[in-house]
2 protein chains.
Amino acid sequence: MASIPKNAPDKGYEVSIATVERDTGLSKDTLRMWERRYQFPRPQRDSNGERLYSRSQVERLRLIKRLMNQGHRPGKIMACSADELHEMVTETPLTSDSSHDLGATLRLVRTHQISELRQHLAQILMKQGLQHFVIRTVAPLNQIVGDAWMRGELAVFEEHLYSEQIQATLRAAISNLYQPSDAPRILLTSFPNEEHRLGLLMVEALLTMEGATCVALGNEIPIPEIVQAALAHRADVIALSFSGAFQTNVAVAGLKDLRSGLSQDVAIWAGGSGMDRVRKPTPGVIVMRSLEQVLDVLRDWRVAHAAP
Amino acid sequence: MASIPKNAPDKGYEVSIATVERDTGLSKDTLRMWERRYQFPRPQRDSNGERLYSRSQVERLRLIKRLMNQGHRPGKIMACSADELHEMVTETPLTSDSSHDLGATLRLVRTHQISELRQHLAQILMKQGLQHFVIRTVAPLNQIVGDAWMRGELAVFEEHLYSEQIQATLRAAISNLYQPSDAPRILLTSFPNEEHRLGLLMVEALLTMEGATCVALGNEIPIPEIVQAALAHRADVIALSFSGAFQTNVAVAGLKDLRSGLSQDVAIWAGGSGMDRVRKPTPGVIVMRSLEQVLDVLRDWRVAHAAP
DNA sequence: CCAACTCTTTGTCCTGGTCAAATACTAAGC
DNA sequence: GCTTAGTATTTGACCAGGACAAAGAGTTGG
């Protein structure tokens, strides 16, 4: 279904270690170390001796990462068969409204019916309201589309197209809601190398909906710059989004750095599937483990900061 | 201001190689290689022999990074004194003379008055109409903001903020115009490594305005995927945007590749400041040398394809 | 002025080693 | 049984120094 990206001889689909690092969130060092220790993954080599990972290897790596997020250790699971791995994953139940068939939406993406897709999304949004739309429709859709993409069932351009349409829909909704008003002032952004935009947009939609004042800084801002921005905008909260492919240690280290750079009365909220693996709480950082929790955390903040 | 993260002995402020990588965008490999080749940066070592970079080293690295983005090469600038480096940054020539109105807009960015900025932009849009807004306001503003950023007069987060606000304004305008209707069907995208979004959005605004059917694929689509997408969407035109930072030869090679992959009755339009340096026309590729020209090219297409 | 060629520069990848921190395991004490 | 302290193992991040392809600069000839 999907085409071959480059000048691949036959079955293609082979990618460099840098690509695997970006797509799985496993560092090059870790990938090489695993190969040394566990004999997996053992990628092919190109004419220059450089690693070429196959699609199935990347897929397995993703699965392993997911299991590690659930607390498993690499040494144990590395030896398991593909079937065993699949059994171990505790499927995250999609919190979707059964009233809407997400598969139908996915089908529109695959058949490239953009205007229909756009209209379909607008319709669901109207029917469910923004909050439900974000939580019950967009979030599980992202999951489905992401899965399909990593299985190679979706082409890059199809995934991008989906992302663009969701962006258009959410941004239109946010734009309509916009009125600079209530506390808290929330700065939305992500760390360098975190390019995923939809997570931030979803949160922005939810928070704007609740009347918070959102300042969207866009993605990939270096930490010292975030600190600067927090001062410049007199932010009450910094909200950060981490995708599943973000390196956990980098995220945690970054959060610590950010915390130590900010005044204590600026809150830090971190969310996204990149936070799944973080078990030990970082002092002064609130981890939001689901989109619903965003609303709880906002409520808590308002209670704590209610004018006396 | 920032507190000392870890077991720093006295004056602290020393950071690990991972932190430097994150905050400067220079990879660990590159940092170590520079140390080997140019004897800079030469960080301290902790008890375990691991690098500890000082604040001033990180600052200098940032400066070097900026100069490299302007086309300087590391080998040359690495030997310069701090003063020389600063001179080089400020020497960046202005590419256009800024009119007064635009200065006011820039001032809003610098003083972080987002709601005022947003309102200001909306106002100009209403006053000028979308076409003039894009051509006379957004395009020169991009230029000015880009220049200011190059000179280090604008922080990263300020530049991102500007970009977000323009995006919001343009996307809202496009969204309001949307009606899937007329020919040609135009696919908007960019090659891999071309991340600049505003150029594409501006073109999308102009084309949508004129009643063309735009399919925004987003940035950074591999060439074979563009071909696939063209087929899937039965595109009449592929429109591509290249920023000034994009490698000219890569762009030209890519355009040739794309041309040879597409049926001859699909047009290719290429624009953006990355095309300025391209002299020789590529057969079957129309280069648009200004935003105004986008409209001409569209008109030409329609004339050529008028139904008999 | 441009095209083809060579030489130099530069960043990414490689191997294989080391070690601190995190985690699991075990034994002792309440 | 349940916590606590101490020990063993696992794990990922870092290190040095080598190799090479791709990008860029310089050169020559049409």
# chains A, B, ... in the order shown; residues from 1 in each chain; ligands from 1
>>> calpha_fit_rmsd(fixed="chain A", moving="chain B")
5.5 Å
>>> residues_around(residues="A:Leu121", least_positions_apart="4", cutoff="10 Å", atoms="only C-alpha atoms (C1' of nucleotides)", output="PyMOL selection string")
chain A and resi 105+115-117+125-127+133+137-138+165-166+169-170
>>> write_last_selection(atoms="N, CA and C atoms", output="PDB file, in the first residue's frame")
ATOM      1  N   THR A 105     -13.782   7.499   9.966  1.00  0.00           N
ATOM      2  CA  THR A 105     -12.923   8.669   9.786  1.00  0.00           C
ATOM      3  C   THR A 105     -11.601   8.256   9.157  1.00  0.00           C
ATOM      4  N   SER A 115     -12.325  16.939   1.545  1.00  0.00           N
ATOM      5  CA  SER A 115     -13.443  17.808   1.922  1.00  0.00           C
ATOM      6  C   SER A 115     -14.424  17.032   2.777  1.00  0.00           C
ATOM      7  N   GLU A 116     -14.608  15.745   2.430  1.00  0.00           N
ATOM      8  CA  GLU A 116     -15.486  14.923   3.248  1.00  0.00           C
ATOM      9  C   GLU A 116     -14.925  14.788   4.668  1.00  0.00           C
ATOM     10  N   LEU A 117     -13.615  14.591   4.754  1.00  0.00           N
ATOM     11  CA  LEU A 117     -12.972  14.452   6.063  1.00  0.00           C
ATOM     12  C   LEU A 117     -13.175  15.714   6.883  1.00  0.00           C
ATOM     13  N   LEU A 125     -17.463  17.581  15.732  1.00  0.00           N
ATOM     14  CA  LEU A 125     -17.174  18.649  16.687  1.00  0.00           C
ATOM     15  C   LEU A 125     -18.455  19.331  17.140  1.00  0.00           C
ATOM     16  N   MET A 126     -19.298  19.643  16.192  1.00  0.00           N
ATOM     17  CA  MET A 126     -20.549  20.316  16.522  1.00  0.00           C
ATOM     18  C   MET A 126     -21.427  19.448  17.411  1.00  0.00           C
ATOM     19  N   LYS A 127     -21.453  18.190  17.070  1.00  0.00           N
ATOM     20  CA  LYS A 127     -22.331  17.268  17.776  1.00  0.00           C
ATOM     21  C   LYS A 127     -21.866  17.027  19.208  1.00  0.00           C
ATOM     22  N   PHE A 133     -15.026  16.251  21.811  1.00  0.00           N
ATOM     23  CA  PHE A 133     -14.371  16.048  20.521  1.00  0.00           C
ATOM     24  C   PHE A 133     -12.885  15.788  20.724  1.00  0.00           C
ATOM     25  N   THR A 137     -12.660  11.873  20.580  1.00  0.00           N
ATOM     26  CA  THR A 137     -12.504  11.630  19.145  1.00  0.00           C
ATOM     27  C   THR A 137     -11.069  11.840  18.669  1.00  0.00           C
ATOM     28  N   VAL A 138     -10.532  13.042  18.907  1.00  0.00           N
ATOM     29  CA  VAL A 138      -9.207  13.328  18.366  1.00  0.00           C
ATOM     30  C   VAL A 138      -8.140  12.446  19.011  1.00  0.00           C
ATOM     31  N   GLN A 165      -5.535  18.368   8.780  1.00  0.00           N
ATOM     32  CA  GLN A 165      -6.981  18.582   8.898  1.00  0.00           C
ATOM     33  C   GLN A 165      -7.396  18.760  10.350  1.00  0.00           C
ATOM     34  N   ILE A 166      -6.797  17.946  11.218  1.00  0.00           N
ATOM     35  CA  ILE A 166      -7.112  18.086  12.639  1.00  0.00           C
ATOM     36  C   ILE A 166      -6.666  19.462  13.124  1.00  0.00           C
ATOM     37  N   THR A 169      -9.084  22.074  12.036  1.00  0.00           N
ATOM     38  CA  THR A 169     -10.324  22.028  12.815  1.00  0.00           C
ATOM     39  C   THR A 169     -10.127  22.606  14.219  1.00  0.00           C
ATOM     40  N   LEU A 170      -9.055  22.151  14.882  1.00  0.00           N
ATOM     41  CA  LEU A 170      -8.832  22.618  16.252  1.00  0.00           C
ATOM     42  C   LEU A 170      -8.520  24.109  16.292  1.00  0.00           C
TER      43      LEU A 170
END
>>> closest_atom_pairs(of="chain D", to="chain B", cutoff="10 Å", atoms="only C-alpha atoms (C1' of nucleotides)", output="tab-separated table")
residue	atom	partner	partner_atom	distance
D:DA13	C1'	B:Ala18	CA	9.1
D:DC14	C1'	B:Glu50	CA	6.8
D:DC15	C1'	B:Glu50	CA	7.6
D:DA16	C1'	B:Arg32	CA	9.8
D:DG17	C1'	B:Arg36	CA	9.6
D:DG24	C1'	B:Arg73	CA	9.4
>>> write_last_selection(atoms="C-alpha atoms (C1' of nucleotides)", output="CSV table (one decimal), in the first residue's frame")
chain,number,residue,atom,x,y,z
D,13,DA,C1',25.1,7.4,29.2
D,14,DC,C1',29.5,8.7,28.4
D,15,DC,C1',34.4,8.2,26.6
D,16,DA,C1',38.3,7.8,22.9
D,17,DG,C1',39.8,7.7,18.5
D,24,DG,C1',31.9,23.3,0.1
>>> atom_distance(atom1="atom CA of B:Arg55", atom2="atom CA of B:Gly25")
15.6 Å
>>> interface_residues(of="chain B", to="chain C", cutoff="8 Å", atoms="only C-alpha atoms (C1' of nucleotides)", output="ChimeraX atom specification")
/B:29-30,48,75
>>> write_last_selection(atoms="C-alpha atoms", output="mmCIF file, in the first residue's frame")
data_model
loop_
_atom_site.group_PDB
_atom_site.id
_atom_site.type_symbol
_atom_site.label_atom_id
_atom_site.label_comp_id
_atom_site.auth_asym_id
_atom_site.auth_seq_id
_atom_site.Cartn_x
_atom_site.Cartn_y
_atom_site.Cartn_z
ATOM 1 C CA ASP B 29 29.316 13.766 18.417
ATOM 2 C CA THR B 30 29.782 17.215 16.961
ATOM 3 C CA ASN B 48 34.545 10.488 36.262
ATOM 4 C CA GLY B 75 36.719 26.071 10.935
#
>>> interface_residues(of="chain B", to="chain A", cutoff="9 Å", atoms="only C-alpha atoms", output="PyMOL selection string")
chain B and resi 1-5+18-19+22-25+111-115+155-158+160-165+168-169+171-172+175+179-180+215-219+221-226+228-229+232-233
